[in-house]
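**Student:** final.pdb (PDB, N, CA and C atoms) pasted underneath:
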```pdb
ATOM      1  N   MET A  18       0.850  -1.185   0.000  1.00  0.00           N
ATOM      2  CA  MET A  18       0.000   0.000   0.000  1.00  0.00           C
ATOM      3  C   MET A  18       0.891   1.241   0.000  1.00  0.00           C
ATOM      4  N   SER A  19       0.741   2.097  -0.986  1.00  0.00           N
ATOM      5  CA  SER A  19       1.570   3.301  -1.054  1.00  0.00           C
ATOM      6  C   SER A  19       0.933   4.423  -0.243  1.00  0.00           C
ATOM      7  N   LYS A  20       1.778   5.275   0.262  1.00  0.00           N
ATOM      8  CA  LYS A  20       1.314   6.417   1.048  1.00  0.00           C
ATOM      9  C   LYS A  20       1.089   7.599   0.120  1.00  0.00           C
ATOM     10  N   PRO A  21       0.134   8.474   0.456  1.00  0.00           N
ATOM     11  CA  PRO A  21      -0.093   9.661  -0.385  1.00  0.00           C
ATOM     12  C   PRO A  21       1.081  10.628  -0.280  1.00  0.00           C
ATOM     13  N   GLU A  22       1.325  11.358  -1.360  1.00  0.00           N
ATOM     14  CA  GLU A  22       2.381  12.369  -1.339  1.00  0.00           C
ATOM     15  C   GLU A  22       1.984  13.482  -0.389  1.00  0.00           C
ATOM     16  N   ARG A  23       2.983  14.139   0.192  1.00  0.00           N
ATOM     17  CA  ARG A  23       2.706  15.286   1.056  1.00  0.00           C
ATOM     18  C   ARG A  23       3.934  16.166   1.150  1.00  0.00           C
ATOM     19  N   ASP A  24       3.711  17.426   1.454  1.00  0.00           N
ATOM     20  CA  ASP A  24       4.783  18.407   1.607  1.00  0.00           C
ATOM     21  C   ASP A  24       4.348  19.326   2.732  1.00  0.00           C
ATOM     22  N   ILE A  25       4.885  19.105   3.916  1.00  0.00           N
ATOM     23  CA  ILE A  25       4.438  19.816   5.118  1.00  0.00           C
ATOM     24  C   ILE A  25       5.611  20.542   5.754  1.00  0.00           C
ATOM     25  N   GLU A  26       5.367  21.745   6.206  1.00  0.00           N
ATOM     26  CA  GLU A  26       6.336  22.466   7.032  1.00  0.00           C
ATOM     27  C   GLU A  26       5.685  22.714   8.376  1.00  0.00           C
ATOM     28  N   LYS A  27       6.423  22.472   9.446  1.00  0.00           N
ATOM     29  CA  LYS A  27       5.887  22.676  10.784  1.00  0.00           C
ATOM     30  C   LYS A  27       6.887  23.513  11.562  1.00  0.00           C
ATOM     31  N   GLU A  28       6.383  24.525  12.210  1.00  0.00           N
ATOM     32  CA  GLU A  28       7.248  25.386  13.023  1.00  0.00           C
ATOM     33  C   GLU A  28       7.298  24.880  14.453  1.00  0.00           C
ATOM     34  N   TYR A  29       8.469  25.022  15.061  1.00  0.00           N
ATOM     35  CA  TYR A  29       8.684  24.602  16.438  1.00  0.00           C
ATOM     36  C   TYR A  29       9.316  25.749  17.214  1.00  0.00           C
ATOM     37  N   THR A  30       9.123  25.729  18.517  1.00  0.00           N
ATOM     38  CA  THR A  30       9.833  26.680  19.371  1.00  0.00           C
ATOM     39  C   THR A  30      11.309  26.285  19.373  1.00  0.00           C
ATOM     40  N   THR A  31      12.150  27.179  19.841  1.00  0.00           N
ATOM     41  CA  THR A  31      13.577  26.877  19.896  1.00  0.00           C
ATOM     42  C   THR A  31      13.831  25.641  20.746  1.00  0.00           C
ATOM     43  N   SER A  32      13.206  25.539  21.909  1.00  0.00           N
ATOM     44  CA  SER A  32      13.467  24.393  22.787  1.00  0.00           C
ATOM     45  C   SER A  32      12.958  23.087  22.175  1.00  0.00           C
ATOM     46  N   GLU A  33      11.829  23.113  21.481  1.00  0.00           N
ATOM     47  CA  GLU A  33      11.320  21.911  20.811  1.00  0.00           C
ATOM     48  C   GLU A  33      12.268  21.474  19.695  1.00  0.00           C
ATOM     49  N   PHE A  34      12.741  22.440  18.914  1.00  0.00           N
ATOM     50  CA  PHE A  34      13.643  22.146  17.805  1.00  0.00           C
ATOM     51  C   PHE A  34      14.959  21.559  18.314  1.00  0.00           C
ATOM     52  N   VAL A  35      15.505  22.171  19.363  1.00  0.00           N
ATOM     53  CA  VAL A  35      16.756  21.691  19.951  1.00  0.00           C
ATOM     54  C   VAL A  35      16.584  20.265  20.463  1.00  0.00           C
ATOM     55  N   ALA A  36      15.465  19.971  21.104  1.00  0.00           N
ATOM     56  CA  ALA A  36      15.218  18.621  21.625  1.00  0.00           C
ATOM     57  C   ALA A  36      15.166  17.599  20.493  1.00  0.00           C
ATOM     58  N   LYS A  37      14.531  17.949  19.387  1.00  0.00           N
ATOM     59  CA  LYS A  37      14.445  17.035  18.244  1.00  0.00           C
ATOM     60  C   LYS A  37      15.827  16.827  17.615  1.00  0.00           C
ATOM     61  N   LEU A  38      16.586  17.899  17.463  1.00  0.00           N
ATOM     62  CA  LEU A  38      17.938  17.775  16.928  1.00  0.00           C
ATOM     63  C   LEU A  38      18.817  16.914  17.836  1.00  0.00           C
ATOM     64  N   ARG A  39      18.661  17.091  19.127  1.00  0.00           N
ATOM     65  CA  ARG A  39      19.460  16.324  20.087  1.00  0.00           C
ATOM     66  C   ARG A  39      19.125  14.833  19.999  1.00  0.00           C
ATOM     67  N   ARG A  40      17.819  14.513  19.909  1.00  0.00           N
ATOM     68  CA  ARG A  40      17.409  13.109  19.759  1.00  0.00           C
ATOM     69  C   ARG A  40      17.954  12.520  18.462  1.00  0.00           C
ATOM     70  N   LEU A  41      17.865  13.316  17.373  1.00  0.00           N
ATOM     71  CA  LEU A  41      18.385  12.869  16.078  1.00  0.00           C
ATOM     72  C   LEU A  41      19.879  12.583  16.179  1.00  0.00           C
ATOM     73  N   ALA A  42      20.631  13.508  16.748  1.00  0.00           N
ATOM     74  CA  ALA A  42      22.079  13.340  16.881  1.00  0.00           C
ATOM     75  C   ALA A  42      22.407  12.116  17.733  1.00  0.00           C
ATOM     76  N   ASP A  43      21.696  11.925  18.819  1.00  0.00           N
ATOM     77  CA  ASP A  43      21.945  10.770  19.684  1.00  0.00           C
ATOM     78  C   ASP A  43      21.679   9.458  18.948  1.00  0.00           C
ATOM     79  N   ASP A  44      20.561   9.397  18.211  1.00  0.00           N
ATOM     80  CA  ASP A  44      20.228   8.182  17.462  1.00  0.00           C
ATOM     81  C   ASP A  44      21.249   7.913  16.359  1.00  0.00           C
ATOM     82  N   LEU A  45      21.661   8.958  15.638  1.00  0.00           N
ATOM     83  CA  LEU A  45      22.661   8.785  14.581  1.00  0.00           C
ATOM     84  C   LEU A  45      23.976   8.272  15.165  1.00  0.00           C
ATOM     85  N   GLU A  46      24.383   8.879  16.245  1.00  0.00           N
ATOM     86  CA  GLU A  46      25.638   8.502  16.872  1.00  0.00           C
ATOM     87  C   GLU A  46      25.615   7.052  17.353  1.00  0.00           C
ATOM     88  N   ALA A  47      24.438   6.594  17.797  1.00  0.00           N
ATOM     89  CA  ALA A  47      24.289   5.226  18.291  1.00  0.00           C
ATOM     90  C   ALA A  47      24.031   4.225  17.158  1.00  0.00           C
ATOM     91  N   GLY A  48      23.886   4.730  15.914  1.00  0.00           N
ATOM     92  CA  GLY A  48      23.615   3.843  14.782  1.00  0.00           C
ATOM     93  C   GLY A  48      22.198   3.326  14.748  1.00  0.00           C
ATOM     94  N   GLU A  49      21.287   4.048  15.411  1.00  0.00           N
ATOM     95  CA  GLU A  49      19.893   3.621  15.499  1.00  0.00           C
ATOM     96  C   GLU A  49      19.018   4.392  14.515  1.00  0.00           C
ATOM     97  N   ASN A  50      17.850   3.837  14.240  1.00  0.00           N
ATOM     98  CA  ASN A  50      16.856   4.549  13.436  1.00  0.00           C
ATOM     99  C   ASN A  50      16.286   5.698  14.253  1.00  0.00           C
ATOM    100  N   PHE A  51      15.820   6.744  13.573  1.00  0.00           N
ATOM    101  CA  PHE A  51      15.230   7.917  14.222  1.00  0.00           C
ATOM    102  C   PHE A  51      13.736   7.908  13.973  1.00  0.00           C
ATOM    103  N   GLU A  52      12.967   8.195  14.995  1.00  0.00           N
ATOM    104  CA  GLU A  52      11.514   8.211  14.894  1.00  0.00           C
ATOM    105  C   GLU A  52      10.999   9.584  15.309  1.00  0.00           C
ATOM    106  N   ILE A  53      10.092  10.139  14.492  1.00  0.00           N
ATOM    107  CA  ILE A  53       9.530  11.462  14.774  1.00  0.00           C
ATOM    108  C   ILE A  53       8.096  11.509  14.256  1.00  0.00           C
ATOM    109  N   GLN A  54       7.255  12.276  14.924  1.00  0.00           N
ATOM    110  CA  GLN A  54       5.890  12.468  14.454  1.00  0.00           C
ATOM    111  C   GLN A  54       5.757  13.889  13.910  1.00  0.00           C
ATOM    112  N   VAL A  55       5.249  13.986  12.668  1.00  0.00           N
ATOM    113  CA  VAL A  55       5.062  15.280  12.014  1.00  0.00           C
ATOM    114  C   VAL A  55       3.631  15.359  11.517  1.00  0.00           C
ATOM    115  N   ALA A  56       2.900  16.354  11.996  1.00  0.00           N
ATOM    116  CA  ALA A  56       1.513  16.587  11.575  1.00  0.00           C
ATOM    117  C   ALA A  56       0.691  15.312  11.644  1.00  0.00           C
ATOM    118  N   GLY A  57       0.813  14.589  12.752  1.00  0.00           N
ATOM    119  CA  GLY A  57      -0.008  13.418  12.986  1.00  0.00           C
ATOM    120  C   GLY A  57       0.476  12.125  12.362  1.00  0.00           C
ATOM    121  N   GLU A  58       1.562  12.148  11.627  1.00  0.00           N
ATOM    122  CA  GLU A  58       2.087  10.922  11.012  1.00  0.00           C
ATOM    123  C   GLU A  58       3.447  10.586  11.600  1.00  0.00           C
ATOM    124  N   ARG A  59       3.593   9.336  12.011  1.00  0.00           N
ATOM    125  CA  ARG A  59       4.867   8.880  12.568  1.00  0.00           C
ATOM    126  C   ARG A  59       5.794   8.506  11.420  1.00  0.00           C
ATOM    127  N   ILE A  60       7.005   9.059  11.453  1.00  0.00           N
ATOM    128  CA  ILE A  60       8.004   8.847  10.416  1.00  0.00           C
ATOM    129  C   ILE A  60       9.162   8.066  11.029  1.00  0.00           C
ATOM    130  N   TYR A  61       9.604   7.041  10.319  1.00  0.00           N
ATOM    131  CA  TYR A  61      10.731   6.228  10.758  1.00  0.00           C
ATOM    132  C   TYR A  61      11.880   6.458   9.787  1.00  0.00           C
ATOM    133  N   VAL A  62      12.929   7.091  10.255  1.00  0.00           N
ATOM    134  CA  VAL A  62      14.094   7.401   9.429  1.00  0.00           C
ATOM    135  C   VAL A  62      15.138   6.319   9.684  1.00  0.00           C
ATOM    136  N   PRO A  63      15.471   5.530   8.652  1.00  0.00           N
ATOM    137  CA  PRO A  63      16.444   4.464   8.867  1.00  0.00           C
ATOM    138  C   PRO A  63      17.862   5.025   9.023  1.00  0.00           C
ATOM    139  N   ASN A  64      18.700   4.278   9.722  1.00  0.00           N
ATOM    140  CA  ASN A  64      20.075   4.752   9.928  1.00  0.00           C
ATOM    141  C   ASN A  64      20.888   4.731   8.642  1.00  0.00           C
ATOM    142  N   ARG A  65      20.330   4.224   7.543  1.00  0.00           N
ATOM    143  CA  ARG A  65      21.005   4.236   6.237  1.00  0.00           C
ATOM    144  C   ARG A  65      20.668   5.493   5.433  1.00  0.00           C
ATOM    145  N   ALA A  66      19.907   6.405   6.014  1.00  0.00           N
ATOM    146  CA  ALA A  66      19.521   7.639   5.312  1.00  0.00           C
ATOM    147  C   ALA A  66      20.761   8.438   4.905  1.00  0.00           C
ATOM    148  N   VAL A  67      20.595   9.239   3.859  1.00  0.00           N
ATOM    149  CA  VAL A  67      21.658  10.124   3.375  1.00  0.00           C
ATOM    150  C   VAL A  67      21.348  11.522   3.899  1.00  0.00           C
ATOM    151  N   PHE A  68      22.370  12.227   4.350  1.00  0.00           N
ATOM    152  CA  PHE A  68      22.190  13.541   4.966  1.00  0.00           C
ATOM    153  C   PHE A  68      22.808  14.624   4.101  1.00  0.00           C
ATOM    154  N   ASN A  69      22.115  15.750   3.986  1.00  0.00           N
ATOM    155  CA  ASN A  69      22.702  16.902   3.309  1.00  0.00           C
ATOM    156  C   ASN A  69      22.139  18.185   3.897  1.00  0.00           C
ATOM    157  N   ILE A  70      22.833  19.257   3.622  1.00  0.00           N
ATOM    158  CA  ILE A  70      22.404  20.581   4.067  1.00  0.00           C
ATOM    159  C   ILE A  70      22.210  21.429   2.826  1.00  0.00           C
ATOM    160  N   GLU A  71      21.070  22.085   2.755  1.00  0.00           N
ATOM    161  CA  GLU A  71      20.723  22.895   1.584  1.00  0.00           C
ATOM    162  C   GLU A  71      20.544  24.351   2.010  1.00  0.00           C
ATOM    163  N   HIS A  72      21.097  25.263   1.229  1.00  0.00           N
ATOM    164  CA  HIS A  72      20.950  26.689   1.493  1.00  0.00           C
ATOM    165  C   HIS A  72      20.329  27.345   0.280  1.00  0.00           C
ATOM    166  N   GLU A  73      19.282  28.123   0.495  1.00  0.00           N
ATOM    167  CA  GLU A  73      18.620  28.848  -0.588  1.00  0.00           C
ATOM    168  C   GLU A  73      18.555  30.327  -0.234  1.00  0.00           C
ATOM    169  N   ARG A  74      18.710  31.174  -1.247  1.00  0.00           N
ATOM    170  CA  ARG A  74      18.597  32.624  -1.073  1.00  0.00           C
ATOM    171  C   ARG A  74      17.768  33.139  -2.242  1.00  0.00           C
ATOM    172  N   GLU A  75      16.693  33.876  -1.899  1.00  0.00           N
ATOM    173  CA  GLU A  75      15.802  34.367  -2.947  1.00  0.00           C
ATOM    174  C   GLU A  75      14.933  35.491  -2.392  1.00  0.00           C
ATOM    175  N   ASP A  76      14.792  36.557  -3.147  1.00  0.00           N
ATOM    176  CA  ASP A  76      13.895  37.671  -2.802  1.00  0.00           C
ATOM    177  C   ASP A  76      14.065  38.163  -1.368  1.00  0.00           C
ATOM    178  N   GLY A  77      15.308  38.327  -0.936  1.00  0.00           N
ATOM    179  CA  GLY A  77      15.564  38.875   0.391  1.00  0.00           C
ATOM    180  C   GLY A  77      15.357  37.894   1.532  1.00  0.00           C
ATOM    181  N   GLU A  78      15.120  36.616   1.225  1.00  0.00           N
ATOM    182  CA  GLU A  78      14.956  35.596   2.255  1.00  0.00           C
ATOM    183  C   GLU A  78      16.039  34.530   2.088  1.00  0.00           C
ATOM    184  N   GLU A  79      16.413  33.938   3.204  1.00  0.00           N
ATOM    185  CA  GLU A  79      17.367  32.838   3.175  1.00  0.00           C
ATOM    186  C   GLU A  79      16.757  31.644   3.900  1.00  0.00           C
ATOM    187  N   GLU A  80      17.135  30.470   3.453  1.00  0.00           N
ATOM    188  CA  GLU A  80      16.601  29.248   4.040  1.00  0.00           C
ATOM    189  C   GLU A  80      17.728  28.229   4.155  1.00  0.00           C
ATOM    190  N   LEU A  81      17.785  27.563   5.293  1.00  0.00           N
ATOM    191  CA  LEU A  81      18.765  26.518   5.532  1.00  0.00           C
ATOM    192  C   LEU A  81      17.988  25.262   5.914  1.00  0.00           C
ATOM    193  N   GLU A  82      18.180  24.190   5.156  1.00  0.00           N
ATOM    194  CA  GLU A  82      17.462  22.946   5.416  1.00  0.00           C
ATOM    195  C   GLU A  82      18.452  21.834   5.726  1.00  0.00           C
ATOM    196  N   PHE A  83      18.200  21.124   6.800  1.00  0.00           N
ATOM    197  CA  PHE A  83      18.937  19.907   7.110  1.00  0.00           C
ATOM    198  C   PHE A  83      18.058  18.774   6.610  1.00  0.00           C
ATOM    199  N   GLN A  84      18.532  18.035   5.624  1.00  0.00           N
ATOM    200  CA  GLN A  84      17.695  17.032   4.975  1.00  0.00           C
ATOM    201  C   GLN A  84      18.201  15.629   5.236  1.00  0.00           C
ATOM    202  N   LEU A  85      17.247  14.720   5.396  1.00  0.00           N
ATOM    203  CA  LEU A  85      17.519  13.291   5.519  1.00  0.00           C
ATOM    204  C   LEU A  85      16.704  12.632   4.429  1.00  0.00           C
ATOM    205  N   LYS A  86      17.352  11.853   3.560  1.00  0.00           N
ATOM    206  CA  LYS A  86      16.663  11.209   2.454  1.00  0.00           C
ATOM    207  C   LYS A  86      16.957   9.716   2.457  1.00  0.00           C
ATOM    208  N   TRP A  87      15.947   8.932   2.096  1.00  0.00           N
ATOM    209  CA  TRP A  87      16.108   7.491   1.997  1.00  0.00           C
ATOM    210  C   TRP A  87      15.045   6.935   1.066  1.00  0.00           C
ATOM    211  N   THR A  88      15.307   5.755   0.561  1.00  0.00           N
ATOM    212  CA  THR A  88      14.363   5.050  -0.283  1.00  0.00           C
ATOM    213  C   THR A  88      13.573   4.095   0.602  1.00  0.00           C
ATOM    214  N   VAL A  89      12.282   4.064   0.396  1.00  0.00           N
ATOM    215  CA  VAL A  89      11.420   3.182   1.182  1.00  0.00           C
ATOM    216  C   VAL A  89      11.578   1.771   0.639  1.00  0.00           C
ATOM    217  N   GLU A  90      11.929   0.858   1.532  1.00  0.00           N
ATOM    218  CA  GLU A  90      12.064  -0.536   1.131  1.00  0.00           C
ATOM    219  C   GLU A  90      10.711  -1.207   1.185  1.00  0.00           C
ATOM    220  N   LYS A  91      10.435  -2.024   0.189  1.00  0.00           N
ATOM    221  CA  LYS A  91       9.129  -2.700   0.112  1.00  0.00           C
ATOM    222  C   LYS A  91       9.241  -4.144   0.522  1.00  0.00           C
TER     223      LYS A  91
END
```
Mind converting the file's structure to structure tokens?

**Tutor:**
Amino acid sequence: MSKPERDIEKEYTTSEFVAKLRRLADDLEAGENFEIQVAGERIYVPNRAVFNIEHEREDGEEELEFQLKWTVEK
């Protein structure tokens, strides 16, 4: 069963964001999968994910994204 496509952005307070980053870093360091809930859906990020940082600048705005990408195994 395939999941529907989605593109969601969710804002967090500084302390919430720091806590999520800390959990992510701890799981990565331990070689474990990372689990997070975003807009009501639980996401499981495998430890084989690829990591990159993206920077965009446009119309007087800047954006920095920390990205984790992986292929869903069937």

**Student:** Pick the closest to Arg65 of chain A from A:Lys91, A:Glu49, A:Glu22, A:Glu33: which is it, counting only N, CA and C atoms?

**Tutor:** A:Glu49

**Student:** Skip segment 66-83 of chain A itself and residues of its chain fewer than 2 positions away, then list as a list in words all residues within 12 Å of it, counting only C-alpha atoms.

**Tutor:**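 Here the qualifying residues turn out to be Glu26, Leu38, Leu41, Ala42, Leu45, Gly48, Glu49, Asn50, Phe51, Tyr61, Val62, Pro63, Asn64, Leu85, Lys86, Trp87, Thr88, Val89 and Glu90 of chain A.
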
**Student:** Work out how far apart atom C of Gln54 of chain A and atom N of Ile25 of chain A are and give it in Å to one decimal.

**Tutor:** 11.3 Å

**Student:** Can you sort out the box for segment 46-51 of chain A, edges along x, y and z, all listed atoms in, 8 Å on every side, with centre and edge lengths in Å to one decimal, as AutoDock Vina command-line options?

**Tutor:**
```
--center_x 19.7 --center_y 6.1 --center_z 15.9 --size_x 27.9 --size_y 21.6 --size_z 20.9
```

**Student:** What's the separation between atom CA of Arg23 of chain A and atom N of Gln84 of chain A, in Å to one decimal place?

**Tutor:**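 Distance between the two atoms: 16.7 Å.
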
**Student:** If I take atom CA of Arg59 of chain A and atom N of Lys27 of chain A, how far is one from the other in Å, to one decimal?

**Tutor:**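 Straight-line distance from atom CA of Arg59 of chain A to atom N of Lys27 of chain A works out to 14.0 Å.
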
**Student:** Please give the complete set of residues from chain A that DSSP, run on the backbone, assigns to alpha helix (DSSP H), formatted as JSON, numbers by chain.

**Tutor:** {"A": [31, 32, 33, 34, 35, 36, 37, 38, 39, 40, 41, 42, 43, 44, 45, 46, 47]}

**Student:** Can you check which residues of chain A DSSP gives as strand (DSSP E or B) on the backbone and send them as a ChimeraX atom specification?

**Tutor:** /A:51-55,58-62,67-75,78-86
